[in-house]
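Participant: Structure file input-v4.pdb (PDB, C-alpha atoms) right here:
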```
ATOM      1  CA  TRP A   1       0.000   0.000   0.000
ATOM      2  CA  GLY A   2       0.997   3.628  -0.353
ATOM      3  CA  TYR A   3      -0.213   7.066   0.662
ATOM      4  CA  ALA A   4      -0.984   7.969  -2.957
ATOM      5  CA  ASP A   5      -3.764   5.360  -3.068
ATOM      6  CA  GLY A   6      -5.160   6.198   0.385
ATOM      7  CA  GLU A   7      -8.698   6.624  -0.931
ATOM      8  CA  GLU A   8      -8.655   2.993  -2.075
ATOM      9  CA  TRP A   9      -7.486   1.420   1.191
ATOM     10  CA  GLY A  10     -10.990   0.628   2.402
ATOM     11  CA  LYS A  11     -12.255  -0.516  -1.003
ATOM     12  CA  ASP A  12      -9.533  -2.756  -2.377
ATOM     13  CA  TYR A  13      -8.120  -4.475   0.692
ATOM     14  CA  GLU A  14      -9.924  -7.020   2.850
ATOM     15  CA  GLY A  15      -9.894  -6.116   6.548
ATOM     16  CA  TRP A  16      -9.311  -2.424   5.878
ATOM     17  CA  GLU A  17     -12.961  -1.500   5.228
ATOM     18  CA  VAL A  18     -13.052   0.926   8.164
ATOM     19  CA  CYS A  19     -10.581   3.160   6.268
ATOM     20  CA  ASP A  20     -13.525   3.978   3.988
ATOM     21  CA  SER A  21     -16.587   3.416   6.186
ATOM     22  CA  GLY A  22     -15.264   4.660   9.546
ATOM     23  CA  ARG A  23     -16.952   7.641  11.168
ATOM     24  CA  SER A  24     -13.953   8.767  13.248
ATOM     25  CA  GLN A  25     -11.076   8.731  10.826
ATOM     26  CA  SER A  26      -7.820  10.662  11.082
ATOM     27  CA  PRO A  27      -6.161  12.970  10.259
ATOM     28  CA  ILE A  28      -8.479  15.977  10.329
ATOM     29  CA  ASN A  29      -8.342  19.703   9.659
ATOM     30  CA  ILE A  30      -8.340  21.994  12.708
ATOM     31  CA  LYS A  31     -10.241  25.280  12.254
ATOM     32  CA  ARG A  32      -8.751  27.988  14.455
ATOM     33  CA  ALA A  33     -11.809  30.211  13.912
ATOM     34  CA  TYR A  34     -13.870  28.055  16.261
ATOM     35  CA  TRP A  35     -11.213  28.401  18.943
ATOM     36  CA  THR A  36     -10.732  32.164  18.406
ATOM     37  CA  ALA A  37     -14.471  32.801  18.562
ATOM     38  CA  PHE A  38     -14.627  30.884  21.813
ATOM     39  CA  TRP A  39     -12.058  33.122  23.523
ATOM     40  CA  HIS A  40     -14.286  36.141  22.868
ATOM     41  CA  SER A  41     -17.414  34.430  24.159
ATOM     42  CA  PRO A  42     -19.035  34.913  27.599
ATOM     43  CA  TRP A  43     -17.986  31.371  28.549
ATOM     44  CA  ALA A  44     -14.242  31.928  28.011
ATOM     45  CA  GLU A  45     -13.514  33.284  31.494
ATOM     46  CA  LYS A  46     -15.292  30.367  33.128
ATOM     47  CA  TYR A  47     -13.421  27.922  30.902
ATOM     48  CA  LEU A  48     -10.039  29.519  31.572
ATOM     49  CA  ALA A  49     -10.553  28.952  35.280
ATOM     50  CA  LYS A  50     -10.341  25.228  34.552
ATOM     51  CA  ASP A  51      -6.947  24.617  32.954
ATOM     52  CA  LEU A  52      -6.613  21.828  30.438
ATOM     53  CA  HIS A  53      -5.352  18.674  32.102
ATOM     54  CA  PRO A  54      -1.573  18.649  31.597
ATOM     55  CA  PHE A  55       0.051  16.017  29.453
ATOM     56  CA  VAL A  56       3.000  14.472  31.300
ATOM     57  CA  TRP A  57       5.856  12.175  30.301
ATOM     58  CA  GLN A  58       7.673  10.296  33.041
ATOM     59  CA  VAL A  59      11.098   8.671  32.789
ATOM     60  CA  GLY A  60      11.959   6.293  35.612
ATOM     61  CA  GLY A  61       9.115   7.691  37.711
ATOM     62  CA  LYS A  62      10.146  11.364  37.347
ATOM     63  CA  GLU A  63       8.649  13.964  35.019
ATOM     64  CA  ALA A  64      10.848  13.905  31.922
ATOM     65  CA  GLU A  65      11.153  17.658  31.429
ATOM     66  CA  GLU A  66      12.300  18.136  35.039
ATOM     67  CA  LYS A  67      14.820  15.277  35.104
ATOM     68  CA  GLU A  68      18.436  16.129  34.333
ATOM     69  CA  PRO A  69      19.397  15.256  30.728
ATOM     70  CA  ASP A  70      21.325  12.069  30.076
ATOM     71  CA  GLU A  71      24.729  12.017  28.486
ATOM     72  CA  LYS A  72      24.602  11.877  24.699
ATOM     73  CA  THR A  73      22.726   8.723  23.805
ATOM     74  CA  GLU A  74      22.343   6.715  20.612
ATOM     75  CA  GLN A  75      18.783   5.985  19.485
ATOM     76  CA  SER A  76      18.099   3.540  16.663
ATOM     77  CA  VAL A  77      15.842   4.755  13.857
ATOM     78  CA  HIS A  78      14.083   2.449  11.391
ATOM     79  CA  PHE A  79      12.428   2.894   7.997
ATOM     80  CA  ASP A  80       9.459   0.610   7.277
ATOM     81  CA  GLY A  81       9.017   1.635   3.647
ATOM     82  CA  HIS A  82       6.548   4.368   4.561
ATOM     83  CA  LYS A  83       8.005   6.392   7.418
ATOM     84  CA  LEU A  84      10.983   6.900   9.689
ATOM     85  CA  TYR A  85      10.301   5.853  13.251
ATOM     86  CA  ALA A  86      12.233   5.469  16.488
ATOM     87  CA  PRO A  87      11.106   2.594  18.745
ATOM     88  CA  TYR A  88      10.810   3.288  22.469
ATOM     89  CA  LYS A  89       9.264  -0.022  23.577
ATOM     90  CA  THR A  90      12.299  -0.936  25.687
ATOM     91  CA  PHE A  91      12.435   2.476  27.397
ATOM     92  CA  ASP A  92      10.692   3.169  30.702
ATOM     93  CA  ILE A  93       8.738   6.165  29.418
ATOM     94  CA  LYS A  94       5.198   6.554  30.714
ATOM     95  CA  ALA A  95       2.561   9.145  29.839
ATOM     96  CA  GLU A  96      -0.406  10.474  31.773
ATOM     97  CA  TRP A  97      -3.341  12.422  30.412
ATOM     98  CA  ALA A  98      -6.898  13.418  31.305
ATOM     99  CA  ASP A  99      -8.449   9.978  30.719
ATOM    100  CA  GLY A 100      -6.655   8.479  33.733
ATOM    101  CA  GLN A 101      -4.885   5.761  31.734
ATOM    102  CA  ARG A 102      -1.172   5.208  32.246
ATOM    103  CA  TYR A 103       0.316   4.885  28.781
ATOM    104  CA  HIS A 104       3.657   3.541  27.612
ATOM    105  CA  LEU A 105       5.492   5.327  24.790
ATOM    106  CA  GLU A 106       6.211   2.828  22.005
ATOM    107  CA  ASP A 107       7.210   4.748  18.866
ATOM    108  CA  MET A 108       8.053   8.192  17.520
ATOM    109  CA  ALA A 109       7.056   8.529  13.831
ATOM    110  CA  PHE A 110       7.865  11.245  11.271
ATOM    111  CA  HIS A 111       5.500  12.536   8.580
ATOM    112  CA  THR A 112       6.356  14.973   5.764
ATOM    113  CA  PRO A 113       4.298  17.049   5.354
ATOM    114  CA  SER A 114       2.063  17.063   8.417
ATOM    115  CA  GLU A 115      -0.928  14.757   8.315
ATOM    116  CA  HIS A 116      -3.188  17.108  10.282
ATOM    117  CA  THR A 117      -3.800  20.561   8.879
ATOM    118  CA  VAL A 118      -4.627  23.823  10.620
ATOM    119  CA  ASP A 119      -7.009  26.074   8.680
ATOM    120  CA  GLY A 120      -6.417  23.859   5.667
ATOM    121  CA  ARG A 121      -2.637  24.254   5.665
ATOM    122  CA  HIS A 122       0.012  21.616   6.214
ATOM    123  CA  TYR A 123       3.068  22.093   8.379
ATOM    124  CA  PRO A 124       6.270  20.799   6.727
ATOM    125  CA  LEU A 125       6.705  18.123   9.397
ATOM    126  CA  GLU A 126       4.607  16.357  12.032
ATOM    127  CA  VAL A 127       6.121  14.043  14.627
ATOM    128  CA  GLN A 128       3.753  11.583  16.290
ATOM    129  CA  PHE A 129       4.434   9.955  19.659
ATOM    130  CA  ILE A 130       2.477   6.699  19.770
ATOM    131  CA  HIS A 131       1.442   5.387  23.203
ATOM    132  CA  ARG A 132      -0.474   2.290  24.267
ATOM    133  CA  ALA A 133      -2.108   1.106  27.470
ATOM    134  CA  TRP A 134      -3.788  -2.192  28.314
ATOM    135  CA  GLU A 135      -6.841  -2.504  30.547
ATOM    136  CA  GLN A 136      -8.017  -5.819  31.935
ATOM    137  CA  THR A 137     -11.668  -6.486  31.136
ATOM    138  CA  GLU A 138     -14.257  -8.259  33.279
ATOM    139  CA  ASP A 139     -14.029 -11.413  31.164
ATOM    140  CA  GLY A 140     -10.276 -11.648  31.800
ATOM    141  CA  GLY A 141      -9.229 -10.234  28.450
ATOM    142  CA  ASN A 142      -7.215  -7.114  27.658
ATOM    143  CA  LYS A 143      -8.483  -3.937  26.005
ATOM    144  CA  LYS A 144      -5.994  -1.775  24.157
ATOM    145  CA  HIS A 145      -6.059   2.024  24.500
ATOM    146  CA  GLU A 146      -4.054   4.192  22.104
ATOM    147  CA  LEU A 147      -2.925   7.776  22.596
ATOM    148  CA  ILE A 148      -1.034   9.679  19.903
ATOM    149  CA  VAL A 149       0.543  13.018  20.750
ATOM    150  CA  SER A 150       1.534  15.122  17.736
ATOM    151  CA  VAL A 151       3.826  18.118  17.476
ATOM    152  CA  PHE A 152       4.060  20.280  14.351
ATOM    153  CA  PHE A 153       7.173  21.949  12.917
ATOM    154  CA  SER A 154       7.565  25.307  11.175
ATOM    155  CA  HIS A 155      10.373  26.465   8.885
ATOM    156  CA  ALA A 156      13.257  28.049  10.794
ATOM    157  CA  LEU A 157      17.002  28.600  10.580
ATOM    158  CA  GLU A 158      17.771  25.842  13.094
ATOM    159  CA  SER A 159      15.973  22.674  14.144
ATOM    160  CA  ALA A 160      14.899  21.274  17.464
ATOM    161  CA  HIS A 161      17.768  19.149  18.772
ATOM    162  CA  PHE A 162      16.153  15.736  18.314
ATOM    163  CA  VAL A 163      15.120  16.488  14.719
ATOM    164  CA  SER A 164      18.598  17.810  13.954
ATOM    165  CA  ALA A 165      20.044  14.592  15.427
ATOM    166  CA  LEU A 166      17.811  12.449  13.204
ATOM    167  CA  ALA A 167      18.619  14.492  10.098
ATOM    168  CA  GLU A 168      22.348  14.192  10.832
ATOM    169  CA  GLY A 169      21.991  10.409  10.984
ATOM    170  CA  VAL A 170      20.147  10.421   7.652
ATOM    171  CA  LYS A 171      22.786  12.661   6.028
ATOM    172  CA  GLN A 172      25.652  10.468   7.211
ATOM    173  CA  ALA A 173      23.912   7.333   5.935
ATOM    174  CA  ALA A 174      23.233   9.060   2.593
ATOM    175  CA  GLU A 175      26.919   9.971   2.261
ATOM    176  CA  GLU A 176      27.780   6.295   2.690
ATOM    177  CA  HIS A 177      25.490   5.657  -0.299
ATOM    178  CA  ASP A 178      27.147   8.346  -2.461
ATOM    179  CA  GLY A 179      24.390  10.833  -1.638
ATOM    180  CA  ASP A 180      21.813   8.609  -3.341
ATOM    181  CA  TYR A 181      18.685   8.669  -1.154
ATOM    182  CA  ASP A 182      16.902   6.131  -3.353
ATOM    183  CA  LYS A 183      19.752   3.655  -2.851
ATOM    184  CA  LEU A 184      19.693   4.319   0.905
ATOM    185  CA  LYS A 185      15.921   3.849   0.999
ATOM    186  CA  LEU A 186      16.167   0.544  -0.855
ATOM    187  CA  ASN A 187      18.912  -0.646   1.483
ATOM    188  CA  LEU A 188      16.919   0.283   4.575
ATOM    189  CA  GLU A 189      13.817  -1.507   3.273
ATOM    190  CA  SER A 190      15.486  -4.685   2.003
ATOM    191  CA  LYS A 191      18.163  -5.252   4.643
ATOM    192  CA  GLY A 192      16.616  -3.618   7.669
ATOM    193  CA  VAL A 193      19.660  -1.389   8.146
ATOM    194  CA  GLU A 194      19.260   0.968  11.094
ATOM    195  CA  LEU A 195      20.003   4.660  11.244
ATOM    196  CA  HIS A 196      21.190   6.175  14.495
ATOM    197  CA  MET A 197      20.647   9.580  16.036
ATOM    198  CA  HIS A 198      22.884  10.900  18.806
ATOM    199  CA  SER A 199      20.934  13.181  21.118
ATOM    200  CA  GLU A 200      20.884  14.397  24.699
ATOM    201  CA  GLY A 201      18.332  11.781  25.653
ATOM    202  CA  PHE A 202      14.580  11.785  26.025
ATOM    203  CA  GLN A 203      14.668  14.417  28.769
ATOM    204  CA  GLN A 204      15.946  17.044  26.317
ATOM    205  CA  LEU A 205      13.308  15.994  23.780
ATOM    206  CA  ALA A 206      10.559  16.296  26.401
ATOM    207  CA  ARG A 207      11.681  19.813  27.305
ATOM    208  CA  GLU A 208      11.670  20.902  23.672
ATOM    209  CA  VAL A 209       8.245  19.429  22.923
ATOM    210  CA  LEU A 210       6.272  20.113  26.111
ATOM    211  CA  MET A 211       7.727  23.457  27.231
ATOM    212  CA  GLN A 212       7.347  25.180  23.840
ATOM    213  CA  VAL A 213       5.202  28.345  23.797
ATOM    214  CA  GLU A 214       3.790  30.221  20.854
ATOM    215  CA  MET A 215       6.250  32.428  19.020
ATOM    216  CA  PRO A 216       5.513  34.867  16.193
ATOM    217  CA  LEU A 217       7.042  33.942  12.886
ATOM    218  CA  GLU A 218       9.134  36.515  11.055
ATOM    219  CA  ILE A 219      10.497  36.090   7.565
ATOM    220  CA  ASP A 220      14.272  36.224   7.086
ATOM    221  CA  GLY A 221      16.333  35.504   3.993
ATOM    222  CA  ALA A 222      18.228  32.231   3.989
ATOM    223  CA  LEU A 223      19.882  30.074   1.382
ATOM    224  CA  ASN A 224      17.646  27.545  -0.300
ATOM    225  CA  HIS A 225      19.192  24.092   0.107
ATOM    226  CA  GLU A 226      18.391  23.175  -3.487
ATOM    227  CA  ASP A 227      19.442  26.113  -5.653
ATOM    228  CA  ASN A 228      21.272  28.467  -3.258
ATOM    229  CA  SER A 229      18.786  31.223  -4.045
ATOM    230  CA  LYS A 230      17.246  33.472  -1.439
ATOM    231  CA  HIS A 231      14.483  31.542   0.231
ATOM    232  CA  PRO A 232      12.122  32.893   2.922
ATOM    233  CA  VAL A 233      12.573  31.027   6.162
ATOM    234  CA  LYS A 234      10.531  31.667   9.284
ATOM    235  CA  THR A 235      12.504  32.408  12.433
ATOM    236  CA  TYR A 236      11.402  32.693  16.035
ATOM    237  CA  ARG A 237      11.358  35.880  18.133
ATOM    238  CA  ALA A 238       9.951  36.727  21.569
ATOM    239  CA  ARG A 239       6.217  37.417  21.493
ATOM    240  CA  THR A 240       5.057  40.926  22.324
ATOM    241  CA  HIS A 241       1.767  41.016  20.391
ATOM    242  CA  GLN A 242      -0.866  42.464  22.725
ATOM    243  CA  PHE A 243      -3.706  40.640  20.974
ATOM    244  CA  ALA A 244      -2.254  37.156  21.410
ATOM    245  CA  LEU A 245      -4.705  34.451  22.453
ATOM    246  CA  PRO A 246      -4.678  33.700  26.185
ATOM    247  CA  ASP A 247      -2.876  30.394  25.628
ATOM    248  CA  ALA A 248      -0.041  31.935  23.576
ATOM    249  CA  THR A 249       2.330  31.812  26.531
ATOM    250  CA  VAL A 250       0.969  28.548  27.926
ATOM    251  CA  PRO A 251       3.420  25.666  27.297
ATOM    252  CA  ASN A 252       2.432  22.825  25.004
ATOM    253  CA  TYR A 253       1.705  20.429  27.845
ATOM    254  CA  ARG A 254      -1.352  22.576  28.624
ATOM    255  CA  ALA A 255      -2.043  23.946  25.132
ATOM    256  CA  TYR A 256      -3.469  21.415  22.706
ATOM    257  CA  TRP A 257      -6.430  20.232  20.677
ATOM    258  CA  SER A 258      -7.766  16.745  21.386
ATOM    259  CA  TYR A 259     -10.245  14.462  19.635
ATOM    260  CA  LYS A 260     -11.113  10.802  19.109
ATOM    261  CA  GLY A 261      -9.951   9.458  15.767
ATOM    262  CA  SER A 262      -8.058   6.599  14.168
ATOM    263  CA  ARG A 263      -4.643   5.410  13.085
ATOM    264  CA  THR A 264      -3.589   7.128   9.860
ATOM    265  CA  GLU A 265      -2.357   3.996   8.113
ATOM    266  CA  PRO A 266      -4.111   0.697   7.357
ATOM    267  CA  PRO A 267      -6.145  -0.855   8.871
ATOM    268  CA  CYS A 268      -7.177   2.636  10.175
ATOM    269  CA  THR A 269      -8.230   1.332  13.604
ATOM    270  CA  GLU A 270     -10.546   3.769  15.392
ATOM    271  CA  ASP A 271     -10.989   4.751  19.042
ATOM    272  CA  VAL A 272      -7.555   6.425  19.109
ATOM    273  CA  GLN A 273      -7.147   9.460  21.351
ATOM    274  CA  TRP A 274      -5.284  12.288  19.604
ATOM    275  CA  VAL A 275      -3.581  15.206  21.372
ATOM    276  CA  LEU A 276      -2.314  17.864  18.939
ATOM    277  CA  LEU A 277       0.103  20.280  20.590
ATOM    278  CA  LYS A 278      -0.630  23.831  19.473
ATOM    279  CA  HIS A 279       2.805  25.420  19.430
ATOM    280  CA  SER A 280       5.096  24.295  16.618
ATOM    281  CA  LEU A 281       8.800  23.583  16.929
ATOM    282  CA  PRO A 282      11.478  24.674  14.440
ATOM    283  CA  VAL A 283      12.952  22.662  11.562
ATOM    284  CA  SER A 284      15.667  23.948   9.198
ATOM    285  CA  PRO A 285      15.510  23.595   5.391
ATOM    286  CA  THR A 286      18.542  21.274   5.258
ATOM    287  CA  ASP A 287      17.243  18.963   8.000
ATOM    288  CA  LEU A 288      13.773  18.855   6.437
ATOM    289  CA  HIS A 289      15.328  18.112   3.059
ATOM    290  CA  ALA A 290      17.271  15.130   4.473
ATOM    291  CA  ILE A 291      14.207  13.601   6.139
ATOM    292  CA  SER A 292      11.790  14.196   3.262
ATOM    293  CA  SER A 293      14.311  13.049   0.620
ATOM    294  CA  LEU A 294      14.410   9.658   2.312
ATOM    295  CA  GLN A 295      10.767   9.047   3.174
ATOM    296  CA  GLY A 296       9.025  11.297   0.611
ATOM    297  CA  LYS A 297       5.434  12.432   1.117
ATOM    298  CA  ASN A 298       3.803  10.191   3.695
ATOM    299  CA  ALA A 299       0.725  12.036   4.867
ATOM    300  CA  ARG A 300      -2.785  10.628   4.593
ATOM    301  CA  LYS A 301      -5.414  13.059   3.274
ATOM    302  CA  THR A 302      -7.513  14.780   5.929
ATOM    303  CA  GLN A 303     -10.765  12.963   6.622
ATOM    304  CA  PRO A 304     -14.323  14.367   6.927
ATOM    305  CA  LEU A 305     -15.797  15.074  10.332
ATOM    306  CA  HIS A 306     -18.994  13.221  11.262
ATOM    307  CA  HIS A 307     -20.885  14.939  14.077
TER
END
```
The structure in this file should be written as structure tokens.
Facilitator:
Amino acid sequence: WGYADGEEWGKDYEGWEVCDSGRSQSPINIKRAYWTAFWHSPWAEKYLAKDLHPFVWQVGGKEAEEKEPDEKTEQSVHFDGHKLYAPYKTFDIKAEWADGQRYHLEDMAFHTPSEHTVDGRHYPLEVQFIHRAWEQTEDGGNKKHELIVSVFFSHALESAHFVSALAEGVKQAAEEHDGDYDKLKLNLESKGVELHMHSEGFQQLAREVLMQVEMPLEIDGALNHEDNSKHPVKTYRARTHQFALPDATVPNYRAYWSYKGSRTEPPCTEDVQWVLLKHSLPVSPTDLHAISSLQGKNARKTQPLHH
């Protein structure tokens, strides 16, 4: 299967019918207008008194963003023919959210461009953190709960550290294949070769993702990675806009959209809890180029909402 034939998943493949017939499919488009209108409504003050339940990652029983960073660590990264992903199944990383479940982080997956859109527009990159929890049922079985936390990325001069680390691993692997990304892709698919990213550990990643606040985007000139021409790149500056929404300075762990949806690849299983962090992180043109050159476009089309 491929993302180009996404509209056929539920029609041509047995067992994937929910991809076409499901009523809670992902990804979706987020309309900011609904949110903006809400802040100017009489109910906003009452709502603001009840903060959104914080999303928390824990490493070894301590909140990840408060724990001291590890030494530089090596994280394996795989390519399954559709996306780059980093497995975390063997790590002791737990997540807590409003539903009371205690989730375990299993994978971090990369999508270029973003699968979800905001006001109809894609971000250049979306990173999804896939969590699972198991609940014992009355009949002695186990019920699976899935939580996917997504963070978006905007064009900038420099990347968040963990994305830069991944891109560096991709670039080094590409150099070993004479700069041929197609050859690297084929090698990764056929032989299961692993990439590696050297980062400061999950604690640094958690700080970058969860502590991010909204920043205005200004346009600077920067060199285009393809033709060395002047290319507008958005850079981050401190926010001073007096008309910013009330959650502009609220960190991501309390600033998000959430909804019930599905997995975005076959068999499109539903009853997945999505948490979309509002404030995007930075990604540079060269790092984005390395990641997207390897995995290509791997975003499912946004799906209709059924109320």
Participant: Would you translate the PyMOL selection byres ((chain A and resi 209) around 12) into the concrete set of residues it matches in this file, as an MDAnalysis selection string?
Facilitator: chainID A and resid 55:57 64:65 126:129 149:153 160:163 202:208 210:214 251:256 276:282
Participant: For A:Met197, work out the shell of residues within 8 Å, counting only C-alpha atoms and skipping chain neighbours fewer than 6 positions away, then give it as a PyMOL selection string.
Facilitator: chain A and resi 74-77+162+165-169
Participant: Here's the selection I'm unsure about, the PyMOL selection byres ((chain A and resi 27) around 6); applied to the file above, which residues does it give, as a list in words?
Facilitator: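 Applied to this file, the PyMOL selection byres ((chain A and resi 27) around 6) returns Ser26, Ile28, Glu115, His116, Thr302 and Gln303 of chain A.
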Participant: Please compute the atom CA of A:Ala98-atom CA of A:Trp257 distance, one decimal, in Å.
Facilitator: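 Between atom CA of A:Ala98 and atom CA of A:Trp257 the gap is 12.6 Å.
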Participant: Counting all atoms listed in the file, what is within 9 Å of stretch 6-12 of chain A, bar same-chain residues fewer than 2 positions away, as a list in words?
Facilitator: Trp1, Gly2, Tyr3, Ala4, Glu14, Gly15, Trp16, Glu17, Val18, Cys19, Asp20, Ser21, Glu265, Pro266, Pro267, Cys268, Arg300 and Lys301 of chain A
Participant: For the point (-9.9, 20.2, 13.7) in file coordinates, what residues are within 8 Å, counting only C-alpha atoms? Give the answer as a JSON list (two decimals) with C-alpha atoms, keeping the file's coordinate frame?
Facilitator:
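To be explicit, this is the file written out as out.json:
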```
[["chain", "number", "residue", "atom", "x", "y", "z"],
["A", 28, "ILE", "CA", -8.48, 15.98, 10.33],
["A", 29, "ASN", "CA", -8.34, 19.70, 9.66],
["A", 30, "ILE", "CA", -8.34, 21.99, 12.71],
["A", 31, "LYS", "CA", -10.24, 25.28, 12.25],
["A", 32, "ARG", "CA", -8.75, 27.99, 14.46],
["A", 117, "THR", "CA", -3.80, 20.56, 8.88],
["A", 118, "VAL", "CA", -4.63, 23.82, 10.62],
["A", 257, "TRP", "CA", -6.43, 20.23, 20.68]]
```
Participant: For the atom pair atom CA of A:Lys89 and atom CA of A:Leu105, what is the interatomic distance in Å to one decimal place?
Facilitator: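 Separation of atom CA of A:Lys89 and atom CA of A:Leu105: 6.7 Å.
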Participant: In file coordinates, which residues lie within 7 Å of (16.7, 20.5, 11.7) using all atoms listed in the file, given as a count of residues only?
Facilitator: 11
Participant: Please compute the atom CA of A:Leu305-atom CA of A:His111 distance, one decimal, in Å.
Facilitator: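 Calculated distance between atom CA of A:Leu305 and atom CA of A:His111 is 21.5 Å.
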Participant: Calculated over all atoms listed in the file, which of the candidates A:Ile291, A:Ile148, A:Val59, A:Ala133 has the smallest distance to A:Pro113?
Facilitator: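 Closest candidate: A:Ile291.
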Participant: Tell me which of A:Glu146, A:Trp134, A:Ala290, A:Glu194 sits closest to A:Asp80, counting only C-alpha atoms.
Facilitator: A:Glu194
Participant: Compile the contact shell of A:Ile130 as a PyMOL selection string: residues with an atom at most 12 Å away, counting all atoms listed in the file, same-chain residues fewer than 2 positions apart removed.
Facilitator: chain A and resi 85-89+93-95+103-110+127-128+132-133+145-151+262-264+272-275
Participant: Just need the box for stretch 271-278 of chain A, edges along x, y and z, holding every atom the file lists for it with 5 Å tacked onto each side, so centre and edge lengths in Å to one decimal, as JSON.
Facilitator:
```
{"center_x": -5.4, "center_y": 14.3, "center_z": 20.2, "size_x": 21.1, "size_y": 29.1, "size_z": 12.4}
```
Participant: Ranking A:Gln25, A:Ser154, A:Gln172, A:Ser258 by minimum distance to A:Thr112 and counting all atoms listed in the file, which one comes first?
Facilitator: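 Checking each of A:Gln25, A:Ser154, A:Gln172, A:Ser258 against A:Thr112, counting all atoms listed in the file, the winner is A:Ser154.
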Participant: With distances taken over all atoms listed in the file, which residue among A:Pro285, A:Gly261, A:Gly140, A:Gly81 lies nearest A:His306?
Facilitator: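 Of the candidates, the smallest distance to A:His306 is held by A:Gly261.
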Participant: So what does the PyMOL selection byres ((chain A and resi 189) around 12) actually pick up in this one, as a ChimeraX atom specification?
Facilitator: /A:78-84,182-188,190-195,294-295
Participant: Just checking: using only C-alpha atoms, which residue out of A:Asp92, A:Asp271, A:Gly179, A:His196 ends up closest to A:Ser293?
Facilitator: A:Gly179
